[in-house]
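Source file my_file_17.pdb; content: PDB, C-alpha atoms.
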```pdb
ATOM      1  CA  MET A   1     146.468  29.162  19.467
ATOM      2  CA  ILE A   2     143.526  31.508  19.178
ATOM      3  CA  SER A   3     143.029  33.423  15.930
ATOM      4  CA  PRO A   4     143.931  37.137  16.157
ATOM      5  CA  PHE A   5     140.409  38.237  15.203
ATOM      6  CA  LEU A   6     138.837  36.191  17.996
ATOM      7  CA  PHE A   7     141.459  37.353  20.495
ATOM      8  CA  TRP A   8     141.010  41.042  19.753
ATOM      9  CA  SER A   9     137.221  40.859  19.742
ATOM     10  CA  LEU A  10     137.252  39.091  23.135
ATOM     11  CA  ALA A  11     139.815  41.553  24.486
ATOM     12  CA  LEU A  12     137.743  44.484  23.213
ATOM     13  CA  LEU A  13     134.599  43.021  24.808
ATOM     14  CA  THR A  14     136.405  42.634  28.152
ATOM     15  CA  LEU A  15     137.903  46.129  28.051
ATOM     16  CA  ILE A  16     134.786  47.979  26.837
ATOM     17  CA  PHE A  17     132.575  46.414  29.492
ATOM     18  CA  GLY A  18     135.330  46.890  32.082
ATOM     19  CA  ALA A  19     135.375  50.601  31.233
ATOM     20  CA  SER A  20     131.586  50.638  31.373
ATOM     21  CA  VAL A  21     131.790  49.416  35.003
ATOM     22  CA  VAL A  22     133.680  52.583  35.893
ATOM     23  CA  ILE A  23     131.708  54.969  33.664
ATOM     24  CA  ASN A  24     128.130  53.876  34.444
ATOM     25  CA  ARG A  25     126.405  55.911  37.128
ATOM     26  CA  ASN A  26     123.814  53.224  37.867
ATOM     27  CA  PRO A  27     125.280  50.479  40.140
ATOM     28  CA  VAL A  28     123.058  47.747  38.628
ATOM     29  CA  ALA A  29     124.318  48.575  35.122
ATOM     30  CA  SER A  30     127.891  48.511  36.456
ATOM     31  CA  ALA A  31     127.377  45.070  38.020
ATOM     32  CA  LEU A  32     125.897  43.631  34.812
ATOM     33  CA  SER A  33     128.773  45.106  32.765
ATOM     34  CA  LEU A  34     131.162  43.431  35.186
ATOM     35  CA  VAL A  35     129.507  40.052  34.472
ATOM     36  CA  VAL A  36     130.113  40.464  30.713
ATOM     37  CA  SER A  37     133.683  41.592  31.373
ATOM     38  CA  PHE A  38     134.327  38.499  33.513
ATOM     39  CA  LEU A  39     132.843  36.206  30.868
ATOM     40  CA  GLY A  40     135.137  37.729  28.219
ATOM     41  CA  LEU A  41     138.061  37.229  30.574
ATOM     42  CA  ALA A  42     137.047  33.580  31.109
ATOM     43  CA  ALA A  43     137.101  33.103  27.324
ATOM     44  CA  LEU A  44     140.595  34.628  27.230
ATOM     45  CA  PHE A  45     141.706  32.168  29.941
ATOM     46  CA  MET A  46     140.361  29.279  27.881
ATOM     47  CA  SER A  47     142.211  30.590  24.817
ATOM     48  CA  LEU A  48     145.380  30.096  26.892
ATOM     49  CA  ASP A  49     144.478  26.396  27.475
ATOM     50  CA  ALA A  50     143.652  27.181  31.128
ATOM     51  CA  PHE A  51     140.231  25.541  31.166
ATOM     52  CA  PHE A  52     140.082  25.057  34.938
ATOM     53  CA  VAL A  53     140.838  28.723  35.590
ATOM     54  CA  GLY A  54     138.286  29.754  32.975
ATOM     55  CA  ILE A  55     135.605  27.612  34.570
ATOM     56  CA  ILE A  56     136.254  28.840  38.121
ATOM     57  CA  GLN A  57     136.208  32.361  36.685
ATOM     58  CA  VAL A  58     132.668  31.757  35.409
ATOM     59  CA  LEU A  59     131.505  29.884  38.528
ATOM     60  CA  VAL A  60     133.082  32.033  41.244
ATOM     61  CA  TYR A  61     133.122  35.503  39.674
ATOM     62  CA  ALA A  62     130.301  35.595  37.124
ATOM     63  CA  GLY A  63     128.221  33.353  39.386
ATOM     64  CA  ALA A  64     128.810  33.753  43.117
ATOM     65  CA  VAL A  65     130.517  37.137  43.472
ATOM     66  CA  MET A  66     128.215  38.930  41.053
ATOM     67  CA  VAL A  67     125.093  37.506  42.705
ATOM     68  CA  LEU A  68     126.481  38.849  45.987
ATOM     69  CA  PHE A  69     127.053  42.299  44.449
ATOM     70  CA  LEU A  70     123.586  42.442  42.854
ATOM     71  CA  PHE A  71     122.008  41.187  46.084
ATOM     72  CA  ILE A  72     123.666  43.958  48.106
ATOM     73  CA  ILE A  73     122.750  46.615  45.521
ATOM     74  CA  MET A  74     119.116  45.515  45.602
ATOM     75  CA  LEU A  75     119.144  45.183  49.415
ATOM     76  CA  LEU A  76     120.524  48.654  50.028
ATOM     77  CA  ASN A  77     118.385  50.106  47.221
ATOM     78  CA  VAL A  78     121.283  52.207  45.951
ATOM     79  CA  ARG A  79     120.045  54.601  43.304
ATOM     80  CA  ALA A  80     122.100  56.206  40.566
ATOM     81  CA  GLU A  81     124.073  59.048  42.088
ATOM     82  CA  GLU A  82     122.302  62.053  40.689
ATOM     83  CA  GLY A  83     122.965  65.721  41.169
ATOM     84  CA  ARG A  84     126.298  65.254  42.864
ATOM     85  CA  ARG A  85     128.849  67.753  41.653
ATOM     86  CA  ILE A  86     131.870  66.173  40.025
ATOM     87  CA  ASN A  87     135.136  67.408  41.513
ATOM     88  CA  TRP A  88     136.988  67.968  38.243
ATOM     89  CA  LEU A  89     140.381  68.521  39.876
ATOM     90  CA  ALA A  90     140.199  65.206  41.760
ATOM     91  CA  SER A  91     138.924  63.400  38.644
ATOM     92  CA  ALA A  92     141.778  64.799  36.541
ATOM     93  CA  GLY A  93     144.233  63.667  39.216
ATOM     94  CA  GLY A  94     142.807  60.135  39.258
ATOM     95  CA  ILE A  95     142.856  59.840  35.466
ATOM     96  CA  THR A  96     146.436  61.157  35.393
ATOM     97  CA  VAL A  97     147.602  58.505  37.875
ATOM     98  CA  ALA A  98     145.876  55.698  35.919
ATOM     99  CA  LEU A  99     147.281  56.973  32.599
ATOM    100  CA  ALA A 100     150.771  57.263  34.103
ATOM    101  CA  LEU A 101     150.561  53.625  35.217
ATOM    102  CA  LEU A 102     149.321  52.603  31.741
ATOM    103  CA  VAL A 103     152.211  54.413  30.011
ATOM    104  CA  GLN A 104     154.701  52.750  32.356
ATOM    105  CA  ILE A 105     153.196  49.307  31.649
ATOM    106  CA  PHE A 106     153.423  49.958  27.900
ATOM    107  CA  LEU A 107     157.061  51.058  28.192
ATOM    108  CA  VAL A 108     157.989  47.972  30.259
ATOM    109  CA  ILE A 109     156.255  45.592  27.832
ATOM    110  CA  ASP A 110     157.959  47.382  24.931
ATOM    111  CA  ARG A 111     161.399  46.746  26.462
ATOM    112  CA  PHE A 112     160.580  43.200  27.630
ATOM    113  CA  GLN A 113     162.147  40.908  25.007
ATOM    114  CA  PRO A 114     159.943  37.749  25.397
ATOM    115  CA  ALA A 115     156.790  39.854  24.925
ATOM    116  CA  ALA A 116     157.337  39.867  21.147
ATOM    117  CA  LYS A 117     157.430  36.042  20.970
ATOM    118  CA  THR A 118     154.433  33.866  20.159
ATOM    119  CA  PHE A 119     153.282  31.102  22.479
ATOM    120  CA  PRO A 120     155.002  27.691  22.106
ATOM    121  CA  SER A 121     152.687  24.952  20.885
ATOM    122  CA  LEU A 122     151.651  22.120  23.181
ATOM    123  CA  PRO A 123     152.407  18.563  22.005
ATOM    124  CA  ARG A 124     149.081  17.166  23.223
ATOM    125  CA  SER A 125     146.455  19.770  22.594
ATOM    126  CA  PRO A 126     143.587  18.907  24.986
ATOM    127  CA  ILE A 127     145.646  18.834  28.183
ATOM    128  CA  ASP A 128     144.217  17.542  31.477
ATOM    129  CA  ASP A 129     144.980  20.696  33.408
ATOM    130  CA  VAL A 130     142.498  19.984  36.213
ATOM    131  CA  ARG A 131     144.449  16.877  37.203
ATOM    132  CA  ASN A 132     147.789  18.681  37.083
ATOM    133  CA  ILE A 133     146.547  21.645  39.143
ATOM    134  CA  GLY A 134     144.928  19.266  41.630
ATOM    135  CA  ALA A 135     148.127  17.249  41.980
ATOM    136  CA  LEU A 136     150.113  20.440  42.649
ATOM    137  CA  LEU A 137     147.481  21.720  45.071
ATOM    138  CA  PHE A 138     147.650  18.575  47.188
ATOM    139  CA  SER A 139     151.436  18.109  47.063
ATOM    140  CA  ASN A 140     153.553  21.254  46.788
ATOM    141  CA  TYR A 141     150.847  23.697  47.826
ATOM    142  CA  ASN A 142     149.166  21.607  50.515
ATOM    143  CA  LEU A 143     149.937  24.000  53.395
ATOM    144  CA  PRO A 144     148.790  27.164  51.540
ATOM    145  CA  PHE A 145     145.667  25.276  50.473
ATOM    146  CA  GLN A 146     144.785  24.484  54.107
ATOM    147  CA  ILE A 147     145.580  28.051  55.165
ATOM    148  CA  VAL A 148     143.177  29.300  52.473
ATOM    149  CA  GLY A 149     140.568  26.973  53.945
ATOM    150  CA  VAL A 150     141.073  28.587  57.374
ATOM    151  CA  LEU A 151     140.896  32.031  55.704
ATOM    152  CA  VAL A 152     137.535  31.227  54.133
ATOM    153  CA  LEU A 153     136.274  29.965  57.513
ATOM    154  CA  VAL A 154     137.432  33.173  59.228
ATOM    155  CA  ALA A 155     135.766  35.235  56.480
ATOM    156  CA  THR A 156     132.505  33.330  56.935
ATOM    157  CA  VAL A 157     132.519  33.859  60.718
ATOM    158  CA  GLY A 158     133.462  37.503  60.232
ATOM    159  CA  VAL A 159     130.619  38.106  57.774
ATOM    160  CA  VAL A 160     128.094  36.510  60.143
ATOM    161  CA  LEU A 161     129.400  38.645  63.014
ATOM    162  CA  LEU A 162     129.376  41.833  60.929
ATOM    163  CA  SER A 163     125.828  41.330  59.712
ATOM    164  CA  LYS A 164     124.449  41.062  63.240
ATOM    165  CA  ARG A 165     122.143  43.907  63.988
ATOM    166  CA  GLU A 166     124.126  45.293  66.880
ATOM    167  CA  LEU A 167     127.827  44.764  67.479
ATOM    168  CA  ARG A 168     128.862  44.149  71.050
TER     169      ARG A 168
ATOM    170  CA  MET B   1     149.937  35.580  15.485
ATOM    171  CA  ILE B   2     149.073  36.541  19.039
ATOM    172  CA  THR B   3     152.142  37.209  21.162
ATOM    173  CA  LEU B   4     152.675  37.224  24.920
ATOM    174  CA  GLY B   5     152.832  41.013  24.772
ATOM    175  CA  ASP B   6     149.247  41.250  23.471
ATOM    176  CA  TYR B   7     147.897  39.480  26.529
ATOM    177  CA  LEU B   8     150.091  41.603  28.807
ATOM    178  CA  ILE B   9     148.825  44.797  27.156
ATOM    179  CA  VAL B  10     145.178  43.743  27.590
ATOM    180  CA  SER B  11     145.965  42.897  31.214
ATOM    181  CA  GLY B  12     147.678  46.258  31.738
ATOM    182  CA  ILE B  13     144.780  48.221  30.247
ATOM    183  CA  LEU B  14     142.291  46.292  32.390
ATOM    184  CA  PHE B  15     144.372  46.995  35.513
ATOM    185  CA  SER B  16     144.495  50.704  34.648
ATOM    186  CA  ILE B  17     140.706  50.774  34.187
ATOM    187  CA  GLY B  18     140.339  49.210  37.635
ATOM    188  CA  LEU B  19     142.778  51.701  39.158
ATOM    189  CA  ALA B  20     140.907  54.588  37.522
ATOM    190  CA  GLY B  21     137.675  53.199  38.994
ATOM    191  CA  VAL B  22     139.149  53.079  42.503
ATOM    192  CA  MET B  23     140.497  56.623  42.154
ATOM    193  CA  LEU B  24     137.490  58.241  40.474
ATOM    194  CA  ARG B  25     134.348  56.632  41.852
ATOM    195  CA  ARG B  26     132.920  57.511  45.251
ATOM    196  CA  ASN B  27     130.362  54.719  45.535
ATOM    197  CA  LEU B  28     131.874  51.961  47.725
ATOM    198  CA  ILE B  29     130.178  49.181  45.729
ATOM    199  CA  ILE B  30     131.743  50.400  42.467
ATOM    200  CA  ILE B  31     135.119  50.697  44.212
ATOM    201  CA  LEU B  32     134.875  47.022  45.247
ATOM    202  CA  MET B  33     133.964  46.073  41.667
ATOM    203  CA  SER B  34     136.987  47.969  40.320
ATOM    204  CA  LEU B  35     139.125  46.100  42.846
ATOM    205  CA  GLU B  36     137.868  42.810  41.373
ATOM    206  CA  LEU B  37     138.753  44.116  37.907
ATOM    207  CA  MET B  38     142.337  44.747  39.041
ATOM    208  CA  LEU B  39     142.656  41.270  40.587
ATOM    209  CA  ASN B  40     141.393  39.715  37.362
ATOM    210  CA  ALA B  41     143.865  41.706  35.285
ATOM    211  CA  ALA B  42     146.682  40.276  37.415
ATOM    212  CA  ASN B  43     145.206  36.788  36.921
ATOM    213  CA  LEU B  44     145.230  37.248  33.138
ATOM    214  CA  SER B  45     148.952  38.029  33.048
ATOM    215  CA  LEU B  46     149.657  35.112  35.420
ATOM    216  CA  VAL B  47     147.847  32.681  33.106
ATOM    217  CA  ALA B  48     149.559  34.176  30.039
ATOM    218  CA  PHE B  49     153.001  33.642  31.603
ATOM    219  CA  SER B  50     151.945  30.131  32.657
ATOM    220  CA  ARG B  51     151.061  29.234  29.058
ATOM    221  CA  PHE B  52     154.206  30.938  27.755
ATOM    222  CA  SER B  53     156.702  28.887  29.793
ATOM    223  CA  VAL B  54     156.122  25.344  28.553
ATOM    224  CA  ASP B  55     158.489  22.927  30.313
ATOM    225  CA  SER B  56     160.338  19.893  28.903
ATOM    226  CA  SER B  57     157.354  17.544  29.316
ATOM    227  CA  GLY B  58     155.234  19.815  27.092
ATOM    228  CA  LEU B  59     152.972  21.185  29.834
ATOM    229  CA  PRO B  60     152.367  24.805  30.847
ATOM    230  CA  ASN B  61     153.804  25.994  34.160
ATOM    231  CA  TYR B  62     150.952  25.117  36.504
ATOM    232  CA  ASN B  63     152.412  26.943  39.516
ATOM    233  CA  ALA B  64     150.943  30.170  38.139
ATOM    234  CA  GLN B  65     147.508  28.611  37.719
ATOM    235  CA  VAL B  66     147.575  27.338  41.322
ATOM    236  CA  PHE B  67     148.395  30.912  42.309
ATOM    237  CA  VAL B  68     145.395  32.128  40.287
ATOM    238  CA  PHE B  69     143.260  29.638  42.226
ATOM    239  CA  PHE B  70     144.464  31.166  45.520
ATOM    240  CA  VAL B  71     143.856  34.695  44.227
ATOM    241  CA  VAL B  72     140.275  33.800  43.249
ATOM    242  CA  THR B  73     139.626  32.236  46.674
ATOM    243  CA  VAL B  74     141.027  35.197  48.584
ATOM    244  CA  ALA B  75     139.123  37.625  46.318
ATOM    245  CA  ALA B  76     135.843  35.828  46.980
ATOM    246  CA  ALA B  77     136.445  36.008  50.763
ATOM    247  CA  GLU B  78     137.442  39.663  50.425
ATOM    248  CA  VAL B  79     134.247  40.544  48.548
ATOM    249  CA  ALA B  80     132.108  38.799  51.173
ATOM    250  CA  VAL B  81     133.784  40.662  54.057
ATOM    251  CA  GLY B  82     133.823  43.967  52.144
ATOM    252  CA  LEU B  83     130.116  43.797  51.363
ATOM    253  CA  ALA B  84     129.313  42.842  54.975
ATOM    254  CA  ILE B  85     131.218  45.935  56.153
ATOM    255  CA  LEU B  86     129.300  47.939  53.546
ATOM    256  CA  VAL B  87     125.954  46.696  54.890
ATOM    257  CA  ALA B  88     126.999  47.473  58.489
ATOM    258  CA  LEU B  89     128.113  50.937  57.370
ATOM    259  CA  PHE B  90     124.858  51.523  55.505
ATOM    260  CA  ARG B  91     122.888  50.603  58.619
ATOM    261  CA  ALA B  92     124.850  53.118  60.683
ATOM    262  CA  ARG B  93     125.084  55.987  58.195
ATOM    263  CA  GLN B  94     122.530  55.348  55.380
ATOM    264  CA  THR B  95     125.144  56.056  52.726
ATOM    265  CA  THR B  96     127.593  54.207  50.474
ATOM    266  CA  ASP B  97     129.449  57.337  49.372
ATOM    267  CA  VAL B  98     133.030  57.563  50.575
ATOM    268  CA  GLN B  99     132.809  61.363  50.838
ATOM    269  CA  ASP B 100     130.142  61.096  53.533
ATOM    270  CA  ILE B 101     132.306  58.813  55.681
ATOM    271  CA  SER B 102     135.048  61.075  56.961
ATOM    272  CA  SER B 103     135.058  60.638  60.757
ATOM    273  CA  LEU B 104     138.621  59.310  60.708
ATOM    274  CA  LYS B 105     139.811  61.994  58.327
ATOM    275  CA  PHE B 106     142.497  64.244  59.789
TER     276      PHE B 106
END
```
Spit out the file's structure as structure tokens when you get a sec.
Amino acid sequence: MISPFLFWSLALLTLIFGASVVINRNPVASALSLVVSFLGLAALFMSLDAFFVGIIQVLVYAGAVMVLFLFIIMLLNVRAEEGRRINWLASAGGITVALALLVQIFLVIDRFQPAAKTFPSLPRSPIDDVRNIGALLFSNYNLPFQIVGVLVLVATVGVVLLSKRELR
Amino acid sequence: MITLGDYLIVSGILFSIGLAGVMLRRNLIIILMSLELMLNAANLSLVAFSRFSVDSSGLPNYNAQVFVFFVVTVAAAEVAVGLAILVALFRARQTTDVQDISSLKF
């Protein structure tokens, strides 16, 4: 398993840059913070021996999705929101809801017995998880896999239709 | 040693940050980013539970990781459609602020 120092530094990196996504007023800075947060998360996935998930995290999120976000930010030329008055009552309400959820999560994890246990060790340490996930994907989860393919096709057609200059 | 609870706590904090972003921010692009943060927090707890429940053959429970794969695929499609709607909206209204888009508001 991962050493506690490495785990907490990666977790802190993910959380600090995740918070910076919300706090930053400049959308470009938010998007770049999100990239760092996703990379930290990918490292956390790999610390859990989920190498395939970690790699698709880097490829799909830190690569494709973030390029899409940055592209749209540059295309729309969104500037930092300046001079807008902050509605303090609404902000306090939002923070209260998020904090209430956080407290509930902490209470549930505190009561959840297995949460205090460490992870069981794997007999063979470098596991071939890509092969196992692939085997599951093409046997047990074959129908959902094909449905996801149709979903991606529908999304592609929808995006092309939406980006037409005039909708008829 | 690192326990299952540590990963769940990190996941919970990340989800709360994402929720706070959706509630607090008024820029639609940032709201979409916070949404991604919440999806990733859920993925982290899924992978942690997958690694935690090692079966008799000594392998993690891969059902959760297949589920993470589906979540990532759906999230990527969702971002593409969401940003296309954003671009269409920006063409019509020249704004990405949710407070300026209130035609459907009662």
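Considering only C-alpha atoms, the residue among B:Thr3, B:Asn43, B:Ser16, B:Ser103 positioned nearest to A:Gln104 is B:Ser16.
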If we count all atoms listed in the file and set the cut-off at 9 Å, which residues sit around B:Ile30, ignoring sequence neighbours fewer than 4 positions away in its own chain? Please answer as number ranges by chain. A: 21-22, 27, 30-31; B: 21-22, 25-26, 34-35
Of the candidates A:Leu89, A:Ile147, A:Val159, A:Val28, which one gets nearest to chain B if we count only C-alpha atoms? A:Val159
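Each of A:Ser139, A:Ser37, A:Thr96, A:Thr118 was checked against chain B using all atoms listed in the file; the smallest atom-to-atom distance is that of A:Thr118.
Atom pair atom CA of B:Met33 / atom CA of B:Gly18 has a distance of 8.2 Å (rounded to one decimal).
A straight line drawn from atom CA of B:Leu44 to atom CA of B:Ala75 is 14.5 Å long.
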How far is it from atom CA of A:Leu161 to atom CA of B:Thr96, in Å with one decimal? 20.1 Å
Which residues would end up in the selection if the PyMOL selection byres ((chain B and resi 57) around 12) were applied here, given that I need the answer as a PDB file with C-alpha atoms, in the coordinates of the input?
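The result, stored in expr.pdb:
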```
ATOM      1  CA  LEU A 122     151.651  22.120  23.181  1.00  0.00           C
ATOM      2  CA  PRO A 123     152.407  18.563  22.005  1.00  0.00           C
ATOM      3  CA  ARG A 124     149.081  17.166  23.223  1.00  0.00           C
ATOM      4  CA  ILE A 127     145.646  18.834  28.183  1.00  0.00           C
TER       5      ILE A 127
ATOM      6  CA  SER B  53     156.702  28.887  29.793  1.00  0.00           C
ATOM      7  CA  VAL B  54     156.122  25.344  28.553  1.00  0.00           C
ATOM      8  CA  ASP B  55     158.489  22.927  30.313  1.00  0.00           C
ATOM      9  CA  SER B  56     160.338  19.893  28.903  1.00  0.00           C
ATOM     10  CA  GLY B  58     155.234  19.815  27.092  1.00  0.00           C
ATOM     11  CA  LEU B  59     152.972  21.185  29.834  1.00  0.00           C
ATOM     12  CA  PRO B  60     152.367  24.805  30.847  1.00  0.00           C
ATOM     13  CA  ASN B  61     153.804  25.994  34.160  1.00  0.00           C
TER      14      ASN B  61
END
```
Could you rebuild stretch 27-59 of chain A with N, CA and C atoms and give me the result as a tab-separated table (two decimals), in the coordinates of the input?
```tsv
chain	number	residue	atom	x	y	z
A	27	PRO	N	124.53	51.65	39.65
A	27	PRO	CA	125.28	50.48	40.14
A	27	PRO	C	124.83	49.16	39.53
A	28	VAL	N	123.52	49.01	39.22
A	28	VAL	CA	123.06	47.75	38.63
A	28	VAL	C	123.67	47.57	37.25
A	29	ALA	N	123.71	48.65	36.45
A	29	ALA	CA	124.32	48.58	35.12
A	29	ALA	C	125.80	48.24	35.23
A	30	SER	N	126.47	48.82	36.24
A	30	SER	CA	127.89	48.51	36.46
A	30	SER	C	128.08	47.03	36.75
A	31	ALA	N	127.23	46.48	37.64
A	31	ALA	CA	127.38	45.07	38.02
A	31	ALA	C	127.15	44.16	36.82
A	32	LEU	N	126.16	44.48	35.97
A	32	LEU	CA	125.90	43.63	34.81
A	32	LEU	C	127.02	43.76	33.78
A	33	SER	N	127.61	44.96	33.65
A	33	SER	CA	128.77	45.11	32.76
A	33	SER	C	129.93	44.26	33.27
A	34	LEU	N	130.08	44.22	34.60
A	34	LEU	CA	131.16	43.43	35.19
A	34	LEU	C	130.99	41.94	34.86
A	35	VAL	N	129.74	41.45	34.83
A	35	VAL	CA	129.51	40.05	34.47
A	35	VAL	C	130.02	39.78	33.07
A	36	VAL	N	129.67	40.67	32.11
A	36	VAL	CA	130.11	40.46	30.71
A	36	VAL	C	131.63	40.52	30.63
A	37	SER	N	132.23	41.47	31.38
A	37	SER	CA	133.68	41.59	31.37
A	37	SER	C	134.34	40.32	31.89
A	38	PHE	N	133.77	39.73	32.96
A	38	PHE	CA	134.33	38.50	33.51
A	38	PHE	C	134.17	37.33	32.55
A	39	LEU	N	133.04	37.30	31.82
A	39	LEU	CA	132.84	36.21	30.87
A	39	LEU	C	133.86	36.31	29.73
A	40	GLY	N	134.12	37.54	29.25
A	40	GLY	CA	135.14	37.73	28.22
A	40	GLY	C	136.51	37.29	28.71
A	41	LEU	N	136.78	37.62	29.98
A	41	LEU	CA	138.06	37.23	30.57
A	41	LEU	C	138.16	35.70	30.68
A	42	ALA	N	137.05	35.04	31.03
A	42	ALA	CA	137.05	33.58	31.11
A	42	ALA	C	137.36	32.98	29.74
A	43	ALA	N	136.80	33.59	28.68
A	43	ALA	CA	137.10	33.10	27.32
A	43	ALA	C	138.58	33.29	27.01
A	44	LEU	N	139.16	34.41	27.46
A	44	LEU	CA	140.60	34.63	27.23
A	44	LEU	C	141.42	33.58	27.97
A	45	PHE	N	141.00	33.22	29.21
A	45	PHE	CA	141.71	32.17	29.94
A	45	PHE	C	141.66	30.86	29.16
A	46	MET	N	140.48	30.55	28.61
A	46	MET	CA	140.36	29.28	27.88
A	46	MET	C	141.19	29.32	26.60
A	47	SER	N	141.36	30.50	26.00
A	47	SER	CA	142.21	30.59	24.82
A	47	SER	C	143.67	30.30	25.16
A	48	LEU	N	144.02	30.41	26.44
A	48	LEU	CA	145.38	30.10	26.89
A	48	LEU	C	145.47	28.66	27.41
A	49	ASP	N	144.52	27.80	27.05
A	49	ASP	CA	144.48	26.40	27.48
A	49	ASP	C	144.36	26.25	28.98
A	50	ALA	N	143.86	27.28	29.68
A	50	ALA	CA	143.65	27.18	31.13
A	50	ALA	C	142.16	26.99	31.36
A	51	PHE	N	141.68	25.78	31.11
A	51	PHE	CA	140.23	25.54	31.17
A	51	PHE	C	139.71	25.59	32.59
A	52	PHE	N	140.51	25.05	33.53
A	52	PHE	CA	140.08	25.06	34.94
A	52	PHE	C	139.92	26.49	35.43
A	53	VAL	N	140.90	27.32	35.14
A	53	VAL	CA	140.84	28.72	35.59
A	53	VAL	C	139.65	29.43	34.94
A	54	GLY	N	139.43	29.14	33.66
A	54	GLY	CA	138.29	29.75	32.98
A	54	GLY	C	136.97	29.36	33.61
A	55	ILE	N	136.87	28.08	34.00
A	55	ILE	CA	135.60	27.61	34.57
A	55	ILE	C	135.41	28.18	35.97
A	56	ILE	N	136.48	28.24	36.79
A	56	ILE	CA	136.25	28.84	38.12
A	56	ILE	C	136.01	30.34	37.99
A	57	GLN	N	136.53	30.94	36.93
A	57	GLN	CA	136.21	32.36	36.68
A	57	GLN	C	134.71	32.53	36.49
A	58	VAL	N	134.11	31.65	35.66
A	58	VAL	CA	132.67	31.76	35.41
A	58	VAL	C	131.88	31.42	36.68
A	59	LEU	N	132.29	30.33	37.37
A	59	LEU	CA	131.50	29.88	38.53
A	59	LEU	C	131.62	30.86	39.69
```
